[in-house]
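**Q** If you scroll down you'll find the structure; I have some questions about it.
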Amino acid sequence: MNEKKFPHLYGPVPSRRLGYSLGVDLLPFKTCSLSCVYCQLGRTKKTTIRRRQFFSEKQILEEIRDFLKTGTRVDFITFSGSGEPTLNKSIGRLIRKIKKMTGIQVAVLTNSTLLSRPEVRKELAAADVVVPSLDAATEKVFKKINRPHPSLQARKIIEGLVKFRRQFRGQIWLEILLVKGINDSPAHLKKLGDAVERIKPDKIHLNTVVRPPAEKMAKPLSPVELNRIKEFFGEKAEVVASFRKKEQETAPKNISQAILSIVRRRPVCLEDLEHSLGLTREELILDIQRLLEQKKIKMVRHLERDYFEPA
């Protein structure tokens, strides 16, 4: 993707749940209400719950319209990216205008912290899929794993999710990201299970620390441990699997810019870039090497795998 032409878009990236997902980034980098220990974007310097209109709605809509004209495969248009998307006050209007523009489904990835607000629940009502997070069911664990803005409480977040479920007619895929030794104890899982019963999501997605985290102490659970917890949560639960779809049919013209556009939003391995950009590793390697030499990206090792991050 041409980052200069589409500064608020990234991908489409191969999503484990949403197919080829065209990301819409509504925020300055790392604008978030949480500073999760596992975050692939690093620490949040200053958490916030203040909602603002950060960028021009008109420009974002024009970018999406122009991108769709390229014929690139897109399965979902997804609000995600550099922080918590509901912090942008434009999100509700943007969802509705996108729905009038295209038949492609719209998804929102949210950390759930603002769903206690009636206006936010109303704004997300037009989305097809909302993927909210819930990593903690007690205040102690919430503060340890999510390091929230001081005004936030796990109890209120759960209540917001319960109210959103009652109002929302689309799909809710609740994500629980598990960090070894922090939120995976039997006692805490029982409390999470009680919260999930109240929220009644359509699916429960169990995840763990796959990409390089903000804190080195954030360690992943093993596949065996995840599958054991999956059994605990029952038939709605699934361990989020690796992406297994064919590569994108339309390759980018400027490979370096396309790589930078994706890496700026999340750490990626070579396989991720192959899937997302529809290129072989032989076609990618020269541009990756050039970006490394120019110190625009760096390589980090995580779980015996090499990832590329912004330098």
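Within each chain, counting starts at residue 1; across the structure tokens, chains are named A, B, ... in the order shown, with ligands numbered 1 upward in that order.
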Could you give me, as a VMD selection string, the residues within 8 Å of region 17-26 of chain A, counting only C-alpha atoms and dropping anything in the same chain fewer than 6 positions from it?
**A** chain A and resid 8 to 11 54 to 55 73 to 82 85 88 240 243 245 276
**Q** Just asking: which residues within region 27-173 of chain A are strand (DSSP E or B) according to DSSP, as number ranges by chain?
**A** A: 31, 52, 76-80, 83, 88, 105-110, 129-133, 171-173
**Q** Got time to write the residues from that selection, C-alpha atoms, as a JSON list (two decimals), in the first residue's frame?
**A**
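again.json written:
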[["chain", "number", "residue", "atom", "x", "y", "z"],
["A", 31, "THR", "CA", -3.47, 6.61, 21.71],
["A", 52, "ARG", "CA", -11.72, 13.44, 20.08],
["A", 76, "PHE", "CA", -13.46, -6.90, 6.04],
["A", 77, "ILE", "CA", -12.92, -3.20, 6.64],
["A", 78, "THR", "CA", -11.63, -3.18, 10.20],
["A", 79, "PHE", "CA", -11.26, -0.34, 12.69],
["A", 80, "SER", "CA", -8.09, -1.14, 14.59],
["A", 83, "GLY", "CA", -4.73, 2.34, 19.78],
["A", 88, "ASN", "CA", -12.25, 8.72, 17.93],
["A", 105, "GLN", "CA", -18.50, -6.11, 6.13],
["A", 106, "VAL", "CA", -17.25, -3.75, 8.83],
["A", 107, "ALA", "CA", -15.55, -4.93, 12.01],
["A", 108, "VAL", "CA", -14.37, -3.06, 15.10],
["A", 109, "LEU", "CA", -11.58, -4.32, 17.36],
["A", 110, "THR", "CA", -11.98, -2.67, 20.76],
["A", 129, "VAL", "CA", -18.78, -7.70, 13.86],
["A", 130, "VAL", "CA", -17.36, -6.30, 17.08],
["A", 131, "VAL", "CA", -14.34, -8.02, 18.62],
["A", 132, "PRO", "CA", -14.11, -6.74, 22.21],
["A", 133, "SER", "CA", -11.38, -7.77, 24.64],
["A", 171, "GLN", "CA", -21.77, -10.73, 15.94],
["A", 172, "ILE", "CA", -19.72, -10.34, 19.13],
["A", 173, "TRP", "CA", -16.48, -12.31, 19.17]]
**Q** With distances taken over only C-alpha atoms, which of A:Leu61, A:Val37, A:Leu206, A:Val239 is nearest to Lys143 (chain A)?
**A**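 Once distances to Lys143 (chain A) are computed over only C-alpha atoms, the minimum belongs to A:Val37.
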**Q** Using only C-alpha atoms, which residue out of A:Thr102, A:Ser151, A:Gln289, A:Thr86 lies closest to Phe67 (chain A)?
**A**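 Selected residue with least distance to Phe67 (chain A): A:Thr102.
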**Q** Excluding Lys180 (chain A) and any residue of its chain fewer than 4 positions from it, enumerate the residues within 12 Å of it, using only C-alpha atoms, and give them as a list in words.
**A**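 Here the qualifying residues turn out to be Val37, Tyr38, Ile145, Asp184, Ser185, Asn207, Thr208, Val209, Lys216, Met217, Ala218, Lys219, Pro220, Leu221, Ser222, Glu225 and Leu226 of chain A.
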**Q** Mind pulling up the distance from CA of Leu115 (chain A) to CA of Gly160 (chain A)?
**A**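 Computing the Euclidean distance for CA of Gly160 (chain A) and CA of Leu115 (chain A) yields 4.8 Å.
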**Q** List the neighbours of Lys30 (chain A) out to 10 Å using only C-alpha atoms; skip same-chain residues closer than 6 positions along the sequence, and give me the result as a PDB file with N, CA and C atoms, in the first residue's frame.
**A**
ATOM      1  N   LEU A  41       2.536  -3.112  20.233  1.00  0.00           N
ATOM      2  CA  LEU A  41       2.956  -1.759  19.854  1.00  0.00           C
ATOM      3  C   LEU A  41       3.795  -1.089  20.932  1.00  0.00           C
ATOM      4  N   GLY A  42       4.064  -1.794  22.014  1.00  0.00           N
ATOM      5  CA  GLY A  42       4.848  -1.223  23.097  1.00  0.00           C
ATOM      6  C   GLY A  42       3.976  -0.563  24.153  1.00  0.00           C
ATOM      7  N   ARG A  43       4.600   0.155  25.073  1.00  0.00           N
ATOM      8  CA  ARG A  43       3.879   0.796  26.171  1.00  0.00           C
ATOM      9  C   ARG A  43       3.132   2.039  25.691  1.00  0.00           C
ATOM     10  N   THR A  44       2.010   2.326  26.356  1.00  0.00           N
ATOM     11  CA  THR A  44       1.316   3.599  26.165  1.00  0.00           C
ATOM     12  C   THR A  44       1.943   4.604  27.113  1.00  0.00           C
ATOM     13  N   LYS A  45       2.493   5.683  26.568  1.00  0.00           N
ATOM     14  CA  LYS A  45       3.187   6.656  27.419  1.00  0.00           C
ATOM     15  C   LYS A  45       2.228   7.335  28.391  1.00  0.00           C
ATOM     16  N   LYS A  46       1.033   7.665  27.917  1.00  0.00           N
ATOM     17  CA  LYS A  46       0.041   8.286  28.783  1.00  0.00           C
ATOM     18  C   LYS A  46      -1.341   7.810  28.362  1.00  0.00           C
ATOM     19  N   THR A  47      -1.986   7.020  29.202  1.00  0.00           N
ATOM     20  CA  THR A  47      -3.320   6.519  28.867  1.00  0.00           C
ATOM     21  C   THR A  47      -4.331   7.662  28.895  1.00  0.00           C
ATOM     22  N   GLY A  81      -5.688  -0.739  14.660  1.00  0.00           N
ATOM     23  CA  GLY A  81      -4.506   0.053  14.378  1.00  0.00           C
ATOM     24  C   GLY A  81      -3.711   0.491  15.584  1.00  0.00           C
ATOM     25  N   SER A  82      -3.541   1.827  15.749  1.00  0.00           N
ATOM     26  CA  SER A  82      -2.539   2.367  16.671  1.00  0.00           C
ATOM     27  C   SER A  82      -3.025   2.588  18.098  1.00  0.00           C
ATOM     28  N   GLY A  83      -4.208   2.143  18.431  1.00  0.00           N
ATOM     29  CA  GLY A  83      -4.730   2.344  19.777  1.00  0.00           C
ATOM     30  C   GLY A  83      -6.178   1.896  19.872  1.00  0.00           C
ATOM     31  N   GLU A  84      -6.959   2.544  20.752  1.00  0.00           N
ATOM     32  CA  GLU A  84      -8.356   2.175  20.960  1.00  0.00           C
ATOM     33  C   GLU A  84      -9.255   3.001  20.021  1.00  0.00           C
ATOM     34  N   ARG A 265       2.180  -0.639  12.147  1.00  0.00           N
ATOM     35  CA  ARG A 265       1.028  -0.943  12.991  1.00  0.00           C
ATOM     36  C   ARG A 265       1.226  -2.178  13.856  1.00  0.00           C
TER      37      ARG A 265
END
**Q** For CA of Arg155 (chain A) and CA of Ala136 (chain A), quote the distance in Å rounded to one decimal.
**A** 9.5 Å
**Q** Please determine, counting only C-alpha atoms, which residue among A:Ser116, A:Gln294, A:Ser15, A:Gln40 has the shortest atom-to-atom distance to Arg266 (chain A).
**A**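 The closest residue to Arg266 (chain A) is A:Gln40.
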**Q** Output as a ChimeraX atom specification all residues of region 61-233 of chain A that backbone DSSP marks as alpha helix (DSSP H).
**A** /A:61-68,91-101,118-123,139-145,154-167,186-199,223-233
**Q** What lies within 7 Å of region 122-125 of chain A using only C-alpha atoms, ignoring chain neighbours under 4 positions off, as a list in words?
**A**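 Near region 122-125 of chain A, the qualifying residues are Ile91, Gly92, Pro118 and Phe168 of chain A.
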